[in-house]
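Enquirer: Okay, so here is protein_27.cif, and as you'll see once you scroll down, it has mmCIF, N, CA and C atoms.
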```cif
data_start
loop_
_atom_site.label_atom_id
_atom_site.label_comp_id
_atom_site.auth_asym_id
_atom_site.auth_seq_id
_atom_site.Cartn_x
_atom_site.Cartn_y
_atom_site.Cartn_z
N MET A 1 -26.97 16.35 18.33
CA MET A 1 -26.49 15.04 18.70
C MET A 1 -24.95 15.08 18.75
N SER A 2 -24.40 14.56 19.82
CA SER A 2 -22.94 14.53 19.94
C SER A 2 -22.38 13.36 19.14
N MET A 3 -21.10 13.48 18.79
CA MET A 3 -20.47 12.40 18.04
C MET A 3 -20.43 11.12 18.85
N ALA A 4 -20.30 11.23 20.18
CA ALA A 4 -20.25 10.05 21.02
C ALA A 4 -21.58 9.30 21.01
N ALA A 5 -22.66 9.99 20.67
CA ALA A 5 -23.99 9.37 20.64
C ALA A 5 -24.38 8.99 19.22
N SER A 6 -23.43 8.86 18.34
CA SER A 6 -23.72 8.46 16.97
C SER A 6 -22.67 7.46 16.51
N PRO A 7 -22.95 6.76 15.43
CA PRO A 7 -21.96 5.79 14.93
C PRO A 7 -20.81 6.42 14.14
N ILE A 8 -20.70 7.74 14.17
CA ILE A 8 -19.62 8.39 13.43
C ILE A 8 -18.24 8.01 13.96
N LEU A 9 -18.07 7.98 15.28
CA LEU A 9 -16.76 7.61 15.83
C LEU A 9 -16.36 6.17 15.48
N PRO A 10 -17.26 5.19 15.61
CA PRO A 10 -16.86 3.85 15.15
C PRO A 10 -16.54 3.80 13.66
N MET A 11 -17.29 4.55 12.86
CA MET A 11 -16.99 4.60 11.43
C MET A 11 -15.59 5.20 11.20
N ALA A 12 -15.28 6.26 11.92
CA ALA A 12 -13.96 6.89 11.81
C ALA A 12 -12.87 5.93 12.28
N ALA A 13 -13.17 5.15 13.31
CA ALA A 13 -12.19 4.17 13.80
C ALA A 13 -11.90 3.12 12.73
N HIS A 14 -12.92 2.71 12.00
CA HIS A 14 -12.68 1.75 10.92
C HIS A 14 -11.85 2.38 9.81
N VAL A 15 -12.12 3.64 9.51
CA VAL A 15 -11.30 4.35 8.51
C VAL A 15 -9.84 4.41 8.99
N ALA A 16 -9.65 4.66 10.28
CA ALA A 16 -8.29 4.71 10.84
C ALA A 16 -7.61 3.34 10.72
N LEU A 17 -8.36 2.27 10.95
CA LEU A 17 -7.79 0.93 10.78
C LEU A 17 -7.34 0.73 9.33
N CYS A 18 -8.16 1.15 8.39
CA CYS A 18 -7.78 1.04 6.97
C CYS A 18 -6.52 1.84 6.68
N ALA A 19 -6.43 3.04 7.23
CA ALA A 19 -5.23 3.87 7.03
C ALA A 19 -4.01 3.18 7.61
N LEU A 20 -4.14 2.59 8.78
CA LEU A 20 -3.04 1.86 9.41
C LEU A 20 -2.60 0.69 8.53
N LEU A 21 -3.56 -0.01 7.97
CA LEU A 21 -3.23 -1.12 7.09
C LEU A 21 -2.51 -0.65 5.83
N TYR A 22 -2.90 0.50 5.28
CA TYR A 22 -2.18 1.06 4.12
C TYR A 22 -0.73 1.39 4.49
N VAL A 23 -0.53 1.95 5.68
CA VAL A 23 0.83 2.25 6.14
C VAL A 23 1.62 0.95 6.29
N ALA A 24 1.01 -0.05 6.93
CA ALA A 24 1.70 -1.34 7.12
C ALA A 24 2.05 -1.98 5.79
N LEU A 25 1.15 -1.89 4.82
CA LEU A 25 1.42 -2.46 3.50
C LEU A 25 2.56 -1.72 2.80
N THR A 26 2.60 -0.42 2.96
CA THR A 26 3.69 0.37 2.38
C THR A 26 5.03 -0.02 2.99
N VAL A 27 5.04 -0.17 4.32
CA VAL A 27 6.28 -0.58 5.01
C VAL A 27 6.69 -1.99 4.58
N ALA A 28 5.70 -2.89 4.49
CA ALA A 28 6.01 -4.27 4.10
C ALA A 28 6.54 -4.36 2.67
N ARG A 29 6.12 -3.45 1.82
CA ARG A 29 6.58 -3.46 0.42
C ARG A 29 7.85 -2.65 0.20
N ALA A 30 8.24 -1.83 1.16
CA ALA A 30 9.39 -0.94 1.00
C ALA A 30 10.68 -1.66 0.61
N PRO A 31 11.01 -2.81 1.22
CA PRO A 31 12.25 -3.48 0.80
C PRO A 31 12.24 -3.91 -0.67
N ALA A 32 11.10 -4.37 -1.15
CA ALA A 32 11.01 -4.83 -2.54
C ALA A 32 10.92 -3.66 -3.52
N VAL A 33 10.20 -2.61 -3.12
CA VAL A 33 9.95 -1.50 -4.04
C VAL A 33 11.10 -0.49 -4.04
N TRP A 34 11.56 -0.11 -2.84
CA TRP A 34 12.58 0.94 -2.74
C TRP A 34 13.92 0.44 -2.21
N GLY A 35 13.97 -0.81 -1.82
CA GLY A 35 15.21 -1.34 -1.27
C GLY A 35 15.43 -0.97 0.18
N LEU A 36 14.49 -0.28 0.79
CA LEU A 36 14.62 0.13 2.19
C LEU A 36 14.35 -1.04 3.11
N GLY A 37 15.26 -1.32 4.01
CA GLY A 37 15.06 -2.37 4.98
C GLY A 37 15.33 -3.78 4.50
N ARG A 38 15.99 -3.90 3.35
CA ARG A 38 16.34 -5.24 2.86
C ARG A 38 17.31 -5.91 3.81
N ARG A 39 17.23 -7.21 3.87
CA ARG A 39 18.22 -7.98 4.63
C ARG A 39 19.55 -7.95 3.89
N GLY A 40 20.58 -8.39 4.53
CA GLY A 40 21.90 -8.44 3.93
C GLY A 40 21.94 -9.24 2.64
N ASP A 41 21.10 -10.28 2.58
CA ASP A 41 21.07 -11.12 1.37
C ASP A 41 20.14 -10.55 0.29
N GLY A 42 19.57 -9.36 0.55
CA GLY A 42 18.69 -8.71 -0.42
C GLY A 42 17.22 -9.08 -0.31
N SER A 43 16.91 -9.97 0.64
CA SER A 43 15.52 -10.41 0.75
C SER A 43 14.69 -9.42 1.58
N ASN A 44 13.39 -9.55 1.46
CA ASN A 44 12.44 -8.69 2.16
C ASN A 44 12.06 -9.36 3.48
N PRO A 45 12.35 -8.73 4.62
CA PRO A 45 12.01 -9.35 5.91
C PRO A 45 10.50 -9.43 6.14
N PHE A 46 9.73 -8.72 5.34
CA PHE A 46 8.27 -8.71 5.50
C PHE A 46 7.56 -9.51 4.42
N ALA A 47 8.31 -10.32 3.69
CA ALA A 47 7.73 -11.04 2.55
C ALA A 47 6.55 -11.91 2.95
N ALA A 48 6.58 -12.50 4.12
CA ALA A 48 5.48 -13.37 4.55
C ALA A 48 4.26 -12.55 4.96
N LEU A 49 4.47 -11.36 5.50
CA LEU A 49 3.36 -10.53 5.97
C LEU A 49 2.68 -9.75 4.85
N GLU A 50 3.43 -9.37 3.85
CA GLU A 50 2.89 -8.49 2.80
C GLU A 50 1.61 -9.02 2.16
N PRO A 51 1.54 -10.29 1.74
CA PRO A 51 0.28 -10.75 1.13
C PRO A 51 -0.87 -10.82 2.14
N ARG A 52 -0.56 -11.08 3.39
CA ARG A 52 -1.61 -11.13 4.42
C ARG A 52 -2.18 -9.74 4.69
N ILE A 53 -1.28 -8.75 4.73
CA ILE A 53 -1.74 -7.37 4.94
C ILE A 53 -2.59 -6.94 3.74
N GLY A 54 -2.12 -7.25 2.54
CA GLY A 54 -2.86 -6.89 1.34
C GLY A 54 -4.24 -7.55 1.31
N ALA A 55 -4.30 -8.82 1.67
CA ALA A 55 -5.59 -9.52 1.70
C ALA A 55 -6.52 -8.91 2.74
N ASN A 56 -5.95 -8.58 3.91
CA ASN A 56 -6.79 -7.98 4.95
C ASN A 56 -7.29 -6.61 4.54
N LEU A 57 -6.45 -5.85 3.89
CA LEU A 57 -6.87 -4.53 3.42
C LEU A 57 -8.02 -4.68 2.42
N SER A 58 -7.92 -5.64 1.53
CA SER A 58 -9.03 -5.89 0.60
C SER A 58 -10.31 -6.26 1.34
N ASN A 59 -10.17 -7.04 2.41
CA ASN A 59 -11.34 -7.42 3.22
C ASN A 59 -12.04 -6.22 3.82
N GLN A 60 -11.32 -5.13 4.03
CA GLN A 60 -11.92 -3.94 4.65
C GLN A 60 -12.90 -3.23 3.72
N PHE A 61 -12.94 -3.66 2.46
CA PHE A 61 -13.85 -3.03 1.50
C PHE A 61 -14.92 -4.01 1.02
N GLU A 62 -15.11 -5.09 1.78
CA GLU A 62 -16.13 -6.07 1.44
C GLU A 62 -17.29 -5.94 2.43
N TRP A 63 -17.34 -6.77 3.44
CA TRP A 63 -18.43 -6.73 4.42
C TRP A 63 -18.54 -5.38 5.13
N PRO A 64 -17.45 -4.70 5.45
CA PRO A 64 -17.57 -3.38 6.11
C PRO A 64 -18.38 -2.36 5.31
N LEU A 65 -18.49 -2.52 4.01
CA LEU A 65 -19.33 -1.62 3.23
C LEU A 65 -20.75 -1.61 3.79
N PHE A 66 -21.27 -2.77 4.15
CA PHE A 66 -22.62 -2.87 4.69
C PHE A 66 -22.72 -2.22 6.07
N PHE A 67 -21.63 -2.24 6.82
CA PHE A 67 -21.57 -1.54 8.11
C PHE A 67 -21.73 -0.04 7.92
N HIS A 68 -20.94 0.52 7.00
CA HIS A 68 -20.99 1.97 6.79
C HIS A 68 -22.34 2.41 6.24
N VAL A 69 -22.90 1.65 5.33
CA VAL A 69 -24.21 2.00 4.78
C VAL A 69 -25.27 1.96 5.88
N ALA A 70 -25.26 0.91 6.70
CA ALA A 70 -26.23 0.81 7.79
C ALA A 70 -26.09 1.99 8.75
N CYS A 71 -24.85 2.35 9.09
CA CYS A 71 -24.63 3.48 10.00
C CYS A 71 -25.16 4.79 9.43
N VAL A 72 -24.90 5.03 8.16
CA VAL A 72 -25.38 6.27 7.52
C VAL A 72 -26.91 6.28 7.50
N LEU A 73 -27.52 5.17 7.14
CA LEU A 73 -28.98 5.11 7.10
C LEU A 73 -29.58 5.28 8.49
N LEU A 74 -28.96 4.70 9.50
CA LEU A 74 -29.43 4.87 10.87
C LEU A 74 -29.30 6.33 11.32
N LEU A 75 -28.20 6.95 10.92
CA LEU A 75 -28.03 8.38 11.23
C LEU A 75 -29.14 9.21 10.58
N LEU A 76 -29.45 8.91 9.34
CA LEU A 76 -30.50 9.65 8.63
C LEU A 76 -31.87 9.45 9.28
N GLN A 77 -32.08 8.27 9.85
CA GLN A 77 -33.34 7.99 10.53
C GLN A 77 -33.37 8.55 11.95
N GLY A 78 -32.22 8.99 12.44
CA GLY A 78 -32.14 9.48 13.81
C GLY A 78 -32.07 8.36 14.84
N ALA A 79 -31.84 7.15 14.39
CA ALA A 79 -31.76 5.98 15.29
C ALA A 79 -30.32 5.79 15.73
N THR A 80 -29.94 6.47 16.80
CA THR A 80 -28.54 6.42 17.24
C THR A 80 -28.45 6.16 18.74
N GLY A 81 -29.26 5.26 19.24
CA GLY A 81 -29.24 4.95 20.67
C GLY A 81 -28.07 4.08 21.06
N PRO A 82 -28.02 3.70 22.33
CA PRO A 82 -26.91 2.90 22.84
C PRO A 82 -26.74 1.55 22.14
N LEU A 83 -27.84 0.97 21.68
CA LEU A 83 -27.73 -0.32 20.98
C LEU A 83 -26.99 -0.14 19.65
N VAL A 84 -27.32 0.90 18.92
CA VAL A 84 -26.64 1.18 17.64
C VAL A 84 -25.16 1.43 17.89
N ILE A 85 -24.86 2.27 18.87
CA ILE A 85 -23.46 2.61 19.17
C ILE A 85 -22.71 1.36 19.63
N GLY A 86 -23.34 0.58 20.49
CA GLY A 86 -22.70 -0.64 20.98
C GLY A 86 -22.39 -1.62 19.86
N LEU A 87 -23.36 -1.84 18.98
CA LEU A 87 -23.14 -2.74 17.84
C LEU A 87 -22.05 -2.21 16.92
N ALA A 88 -22.02 -0.90 16.72
CA ALA A 88 -20.98 -0.32 15.86
C ALA A 88 -19.59 -0.55 16.45
N TRP A 89 -19.46 -0.37 17.76
CA TRP A 89 -18.16 -0.59 18.40
C TRP A 89 -17.79 -2.07 18.42
N VAL A 90 -18.78 -2.95 18.57
CA VAL A 90 -18.51 -4.39 18.49
C VAL A 90 -17.95 -4.72 17.11
N PHE A 91 -18.55 -4.14 16.08
CA PHE A 91 -18.06 -4.36 14.72
C PHE A 91 -16.60 -3.91 14.59
N VAL A 92 -16.30 -2.70 15.06
CA VAL A 92 -14.94 -2.16 14.92
C VAL A 92 -13.94 -3.01 15.71
N ALA A 93 -14.29 -3.36 16.93
CA ALA A 93 -13.39 -4.21 17.73
C ALA A 93 -13.15 -5.54 17.02
N GLY A 94 -14.21 -6.08 16.44
CA GLY A 94 -14.08 -7.33 15.69
C GLY A 94 -13.20 -7.18 14.47
N ARG A 95 -13.28 -6.03 13.79
CA ARG A 95 -12.43 -5.81 12.61
C ARG A 95 -10.96 -5.71 13.01
N VAL A 96 -10.70 -5.04 14.13
CA VAL A 96 -9.32 -4.93 14.60
C VAL A 96 -8.78 -6.33 14.93
N LEU A 97 -9.58 -7.11 15.66
CA LEU A 97 -9.16 -8.46 16.00
C LEU A 97 -9.02 -9.33 14.74
N HIS A 98 -9.95 -9.20 13.82
CA HIS A 98 -9.87 -9.94 12.56
C HIS A 98 -8.59 -9.61 11.81
N SER A 99 -8.24 -8.33 11.78
CA SER A 99 -7.00 -7.92 11.11
C SER A 99 -5.79 -8.55 11.77
N ALA A 100 -5.75 -8.51 13.09
CA ALA A 100 -4.61 -9.09 13.82
C ALA A 100 -4.49 -10.59 13.54
N VAL A 101 -5.62 -11.29 13.57
CA VAL A 101 -5.59 -12.74 13.32
C VAL A 101 -5.15 -13.02 11.89
N GLN A 102 -5.70 -12.28 10.93
CA GLN A 102 -5.36 -12.55 9.53
C GLN A 102 -3.91 -12.21 9.20
N VAL A 103 -3.42 -11.11 9.74
CA VAL A 103 -2.06 -10.68 9.40
C VAL A 103 -1.00 -11.49 10.14
N PHE A 104 -1.24 -11.79 11.42
CA PHE A 104 -0.18 -12.39 12.23
C PHE A 104 -0.30 -13.89 12.47
N THR A 105 -1.40 -14.51 12.05
CA THR A 105 -1.53 -15.95 12.24
C THR A 105 -2.08 -16.57 10.95
N GLY A 106 -2.02 -17.85 10.89
CA GLY A 106 -2.63 -18.58 9.79
C GLY A 106 -3.87 -19.32 10.27
N ASN A 107 -4.42 -18.89 11.41
CA ASN A 107 -5.53 -19.59 12.03
C ASN A 107 -6.85 -19.21 11.37
N VAL A 108 -7.23 -19.95 10.36
CA VAL A 108 -8.44 -19.65 9.60
C VAL A 108 -9.68 -19.87 10.44
N ARG A 109 -9.67 -20.86 11.29
CA ARG A 109 -10.83 -21.14 12.15
C ARG A 109 -11.10 -19.95 13.08
N LEU A 110 -10.06 -19.44 13.73
CA LEU A 110 -10.22 -18.29 14.62
C LEU A 110 -10.67 -17.07 13.82
N ARG A 111 -10.09 -16.89 12.66
CA ARG A 111 -10.49 -15.75 11.81
C ARG A 111 -11.96 -15.85 11.45
N GLY A 112 -12.44 -17.04 11.17
CA GLY A 112 -13.85 -17.24 10.87
C GLY A 112 -14.75 -16.93 12.05
N LEU A 113 -14.31 -17.32 13.24
CA LEU A 113 -15.09 -17.01 14.45
C LEU A 113 -15.16 -15.50 14.68
N VAL A 114 -14.04 -14.83 14.51
CA VAL A 114 -14.02 -13.37 14.69
C VAL A 114 -14.88 -12.70 13.63
N PHE A 115 -14.80 -13.19 12.40
CA PHE A 115 -15.63 -12.62 11.34
C PHE A 115 -17.11 -12.77 11.68
N THR A 116 -17.48 -13.87 12.30
CA THR A 116 -18.88 -14.10 12.66
C THR A 116 -19.39 -12.99 13.58
N VAL A 117 -18.55 -12.52 14.48
CA VAL A 117 -18.93 -11.41 15.36
C VAL A 117 -19.23 -10.17 14.52
N ASN A 118 -18.35 -9.85 13.58
CA ASN A 118 -18.56 -8.71 12.69
C ASN A 118 -19.84 -8.88 11.88
N PHE A 119 -20.00 -10.06 11.34
CA PHE A 119 -21.15 -10.38 10.50
C PHE A 119 -22.46 -10.17 11.27
N LEU A 120 -22.51 -10.71 12.48
CA LEU A 120 -23.73 -10.59 13.28
C LEU A 120 -24.00 -9.15 13.72
N ALA A 121 -22.96 -8.41 14.03
CA ALA A 121 -23.14 -7.00 14.43
C ALA A 121 -23.76 -6.21 13.28
N VAL A 122 -23.29 -6.44 12.08
CA VAL A 122 -23.84 -5.71 10.92
C VAL A 122 -25.26 -6.17 10.63
N LEU A 123 -25.52 -7.46 10.71
CA LEU A 123 -26.89 -7.94 10.51
C LEU A 123 -27.83 -7.32 11.54
N ALA A 124 -27.36 -7.19 12.78
CA ALA A 124 -28.19 -6.56 13.82
C ALA A 124 -28.46 -5.09 13.51
N LEU A 125 -27.46 -4.38 12.99
CA LEU A 125 -27.68 -2.98 12.58
C LEU A 125 -28.73 -2.90 11.48
N TRP A 126 -28.65 -3.81 10.53
CA TRP A 126 -29.64 -3.82 9.45
C TRP A 126 -31.02 -4.20 9.98
N ALA A 127 -31.08 -5.10 10.97
CA ALA A 127 -32.38 -5.45 11.57
C ALA A 127 -32.99 -4.23 12.23
N LEU A 128 -32.15 -3.42 12.90
CA LEU A 128 -32.66 -2.19 13.52
C LEU A 128 -33.21 -1.24 12.46
N LEU A 129 -32.58 -1.22 11.31
CA LEU A 129 -33.08 -0.37 10.21
C LEU A 129 -34.45 -0.82 9.74
N LEU A 130 -34.66 -2.11 9.72
CA LEU A 130 -35.89 -2.66 9.14
C LEU A 130 -37.03 -2.77 10.14
N LEU A 131 -36.74 -2.64 11.42
CA LEU A 131 -37.80 -2.70 12.42
C LEU A 131 -38.68 -1.48 12.33
N PRO A 132 -40.00 -1.68 12.49
CA PRO A 132 -40.90 -0.51 12.43
C PRO A 132 -40.71 0.43 13.60
#
```
Write the structure described by the file as structure tokens, please.

Expert:
Amino acid sequence: MSMAASPILPMAAHVALCALLYVALTVARAPAVWGLGRRGDGSNPFAALEPRIGANLSNQFEWPLFFHVACVLLLLQGATGPLVIGLAWVFVAGRVLHSAVQVFTGNVRLRGLVFTVNFLAVLALWALLLLP
């Protein structure tokens, strides 16, 4: 089975998103922790973004856990058709969009709508697991 025909690439893409968020959090904290990039008045130019990035990073270890477990179980069952791959990519695209909305806006309603896409994609993966 090729990687393109399995949920491994979407899983890796989610790991890459998490890594990107860790880098962003490190950069956002650099002025406060190391003094790098402080404004002339000593303030942190990323002070407003830092808690949002941190909260989003924490979110990557909540509902996405069920995504990764479903993908691994589907791989073990050999169920890796186009529907599984499509749902996995929908989940990842939704996580990227969710991160952008959470970090760069205060729009909770939009964030909730985007989360619903992620939520439904994972529920659909679990439904595929449970179907005979």

Enquirer: Show which residues sit within 8 Å of stretch 13-17 of chain A, as number ranges by chain. Count all atoms listed in the file, and ignore same-chain residues fewer than 4 positions away.

Expert: A: 7-9, 21-23, 57, 91-93, 95-96

Enquirer: Box along x, y and z, 8 Å on every side, all listed atoms of stretch 95-104 of chain A inside: centre and edge lengths in Å to one decimal, as JSON.

Expert:
```
{"center_x": -6.7, "center_y": -9.4, "center_z": 12.6, "size_x": 29.1, "size_y": 25.0, "size_z": 22.8}
```

Enquirer: So how far away is atom N of A:Leu49 from atom N of A:Val103, in Å?

Expert: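 Value for the atom N of A:Val103-atom N of A:Leu49 distance: 9.0 Å.
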
Enquirer: Can you pull out every residue from chain A that DSSP, working from the backbone, puts in alpha helix (DSSP H), and format the result as a count of residues only?

Expert: 97

Enquirer: For atom C of A:Val101 and atom N of A:Phe115, determine how far apart the two atoms are, in Å to one decimal place.

Expert: 9.7 Å

Enquirer: Could you pull the residues within 8 Å of A:Asn56, counting all atoms listed in the file, minus those fewer than 5 positions along the same chain, as a PDB file with N, CA and C atoms, in the frame of the given file?

Expert:
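Output file around28.pdb follows:
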```
ATOM      1  N   LEU A  21      -3.560  -0.010   7.970  1.00  0.00           N
ATOM      2  CA  LEU A  21      -3.230  -1.120   7.090  1.00  0.00           C
ATOM      3  C   LEU A  21      -2.510  -0.650   5.830  1.00  0.00           C
ATOM      4  N   GLU A  50       3.430  -9.370   3.850  1.00  0.00           N
ATOM      5  CA  GLU A  50       2.890  -8.490   2.800  1.00  0.00           C
ATOM      6  C   GLU A  50       1.610  -9.020   2.160  1.00  0.00           C
ATOM      7  N   PRO A  51       1.540 -10.290   1.740  1.00  0.00           N
ATOM      8  CA  PRO A  51       0.280 -10.750   1.130  1.00  0.00           C
ATOM      9  C   PRO A  51      -0.870 -10.820   2.140  1.00  0.00           C
ATOM     10  N   PHE A  61     -12.940  -3.660   2.460  1.00  0.00           N
ATOM     11  CA  PHE A  61     -13.850  -3.030   1.500  1.00  0.00           C
ATOM     12  C   PHE A  61     -14.920  -4.010   1.020  1.00  0.00           C
ATOM     13  N   HIS A  98      -9.950  -9.200  13.820  1.00  0.00           N
ATOM     14  CA  HIS A  98      -9.870  -9.940  12.560  1.00  0.00           C
ATOM     15  C   HIS A  98      -8.590  -9.610  11.810  1.00  0.00           C
ATOM     16  N   SER A  99      -8.240  -8.330  11.780  1.00  0.00           N
ATOM     17  CA  SER A  99      -7.000  -7.920  11.110  1.00  0.00           C
ATOM     18  C   SER A  99      -5.790  -8.550  11.770  1.00  0.00           C
ATOM     19  N   GLN A 102      -5.700 -12.280  10.930  1.00  0.00           N
ATOM     20  CA  GLN A 102      -5.360 -12.550   9.530  1.00  0.00           C
ATOM     21  C   GLN A 102      -3.910 -12.210   9.200  1.00  0.00           C
ATOM     22  N   VAL A 103      -3.420 -11.110   9.740  1.00  0.00           N
ATOM     23  CA  VAL A 103      -2.060 -10.680   9.400  1.00  0.00           C
ATOM     24  C   VAL A 103      -1.000 -11.490  10.140  1.00  0.00           C
TER      25      VAL A 103
END
```

Enquirer: What's the separation between atom CA of A:Leu76 and atom CA of A:Ala127, in Å to one decimal place?

Expert: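 Straight-line distance from atom CA of A:Leu76 to atom CA of A:Ala127 works out to 15.5 Å.
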
Enquirer: Between A:Val108, A:Met11, A:Leu36, A:Leu120, which has the minimum distance to A:Cys71 (counting all atoms listed in the file)?

Expert: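 Distance minimum relative to A:Cys71 lands on A:Met11.
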
Enquirer: Quick one: of A:Leu83, A:Val114, A:Arg109, A:Gly37, who's nearest to A:Leu97, counting only N, CA and C atoms?

Expert: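 The shortest atom-to-atom distance to A:Leu97 comes from A:Val114.
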
Enquirer: Given the PyMOL selection byres (((chain A and resi 45 and name CA) around 12) and name CA) and the file above, list the residues it selects as a list in words.

Expert: Val27, Ala28, Arg29, Ala30, Pro31, Ala32, Gly35, Leu36, Gly37, Arg38, Arg39, Gly40, Asp41, Gly42, Ser43, Asn44, Phe46, Ala47, Ala48, Leu49 and Glu50 of chain A

Enquirer: Point out the residue among A:Leu20, A:Leu110, A:Ala5, A:Leu128 with the least atom-to-atom distance to A:Trp89, counting only C-alpha atoms.

Expert: A:Ala5

Enquirer: Can you pull out the residues contacting A:Ala70? Cut-off 7 Å, using only N, CA and C atoms, and skip same-chain residues under 5 positions away; I want them as a PDB file with N, CA and C atoms, in the coordinates of the input.

Expert:
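Writing the result to selection_12.pdb gives the following:
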```pdb
ATOM      1  N   LEU A  65     -18.490  -2.520   4.010  1.00  0.00           N
ATOM      2  CA  LEU A  65     -19.330  -1.620   3.230  1.00  0.00           C
ATOM      3  C   LEU A  65     -20.750  -1.610   3.790  1.00  0.00           C
ATOM      4  N   LEU A  75     -28.200   6.950  10.920  1.00  0.00           N
ATOM      5  CA  LEU A  75     -28.030   8.380  11.230  1.00  0.00           C
ATOM      6  C   LEU A  75     -29.140   9.210  10.580  1.00  0.00           C
ATOM      7  N   LEU A 125     -27.460  -4.380  12.990  1.00  0.00           N
ATOM      8  CA  LEU A 125     -27.680  -2.980  12.580  1.00  0.00           C
ATOM      9  C   LEU A 125     -28.730  -2.900  11.480  1.00  0.00           C
ATOM     10  N   TRP A 126     -28.650  -3.810  10.530  1.00  0.00           N
ATOM     11  CA  TRP A 126     -29.640  -3.820   9.450  1.00  0.00           C
ATOM     12  C   TRP A 126     -31.020  -4.200   9.980  1.00  0.00           C
TER      13      TRP A 126
END
```

Enquirer: For stretch 95-108 of chain A, where the input has fewer atoms than it should, I would like N, CA, C and O atoms rebuilt and written as an mmCIF file, in the frame of the given file.

Expert:
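What follows is the written file result.cif:
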```cif
data_model
loop_
_atom_site.group_PDB
_atom_site.id
_atom_site.type_symbol
_atom_site.label_atom_id
_atom_site.label_comp_id
_atom_site.auth_asym_id
_atom_site.auth_seq_id
_atom_site.Cartn_x
_atom_site.Cartn_y
_atom_site.Cartn_z
ATOM 1 N N ARG A 95 -13.280 -6.030 13.790
ATOM 2 C CA ARG A 95 -12.430 -5.810 12.610
ATOM 3 C C ARG A 95 -10.960 -5.710 13.010
ATOM 4 O O ARG A 95 -10.087 -6.212 12.310
ATOM 5 N N VAL A 96 -10.700 -5.040 14.130
ATOM 6 C CA VAL A 96 -9.320 -4.930 14.600
ATOM 7 C C VAL A 96 -8.780 -6.330 14.930
ATOM 8 O O VAL A 96 -7.668 -6.695 14.520
ATOM 9 N N LEU A 97 -9.580 -7.110 15.660
ATOM 10 C CA LEU A 97 -9.160 -8.460 16.000
ATOM 11 C C LEU A 97 -9.020 -9.330 14.740
ATOM 12 O O LEU A 97 -8.050 -10.079 14.601
ATOM 13 N N HIS A 98 -9.950 -9.200 13.820
ATOM 14 C CA HIS A 98 -9.870 -9.940 12.560
ATOM 15 C C HIS A 98 -8.590 -9.610 11.810
ATOM 16 O O HIS A 98 -7.907 -10.498 11.281
ATOM 17 N N SER A 99 -8.240 -8.330 11.780
ATOM 18 C CA SER A 99 -7.000 -7.920 11.110
ATOM 19 C C SER A 99 -5.790 -8.550 11.770
ATOM 20 O O SER A 99 -4.884 -9.058 11.089
ATOM 21 N N ALA A 100 -5.750 -8.510 13.090
ATOM 22 C CA ALA A 100 -4.610 -9.090 13.820
ATOM 23 C C ALA A 100 -4.490 -10.590 13.540
ATOM 24 O O ALA A 100 -3.387 -11.098 13.288
ATOM 25 N N VAL A 101 -5.620 -11.290 13.570
ATOM 26 C CA VAL A 101 -5.590 -12.740 13.320
ATOM 27 C C VAL A 101 -5.150 -13.020 11.890
ATOM 28 O O VAL A 101 -4.303 -13.883 11.645
ATOM 29 N N GLN A 102 -5.700 -12.280 10.930
ATOM 30 C CA GLN A 102 -5.360 -12.550 9.530
ATOM 31 C C GLN A 102 -3.910 -12.210 9.200
ATOM 32 O O GLN A 102 -3.256 -12.947 8.461
ATOM 33 N N VAL A 103 -3.420 -11.110 9.740
ATOM 34 C CA VAL A 103 -2.060 -10.680 9.400
ATOM 35 C C VAL A 103 -1.000 -11.490 10.140
ATOM 36 O O VAL A 103 0.028 -11.852 9.556
ATOM 37 N N PHE A 104 -1.240 -11.790 11.420
ATOM 38 C CA PHE A 104 -0.180 -12.390 12.230
ATOM 39 C C PHE A 104 -0.300 -13.890 12.470
ATOM 40 O O PHE A 104 0.599 -14.484 13.051
ATOM 41 N N THR A 105 -1.400 -14.510 12.050
ATOM 42 C CA THR A 105 -1.530 -15.950 12.240
ATOM 43 C C THR A 105 -2.080 -16.570 10.950
ATOM 44 O O THR A 105 -2.577 -15.887 10.085
ATOM 45 N N GLY A 106 -2.020 -17.850 10.890
ATOM 46 C CA GLY A 106 -2.630 -18.580 9.790
ATOM 47 C C GLY A 106 -3.870 -19.320 10.270
ATOM 48 O O GLY A 106 -4.330 -20.251 9.624
ATOM 49 N N ASN A 107 -4.420 -18.890 11.410
ATOM 50 C CA ASN A 107 -5.530 -19.590 12.030
ATOM 51 C C ASN A 107 -6.850 -19.210 11.370
ATOM 52 O O ASN A 107 -7.521 -18.256 11.779
ATOM 53 N N VAL A 108 -7.230 -19.950 10.360
ATOM 54 C CA VAL A 108 -8.440 -19.650 9.600
ATOM 55 C C VAL A 108 -9.680 -19.870 10.440
ATOM 56 O O VAL A 108 -10.661 -19.120 10.326
#
```
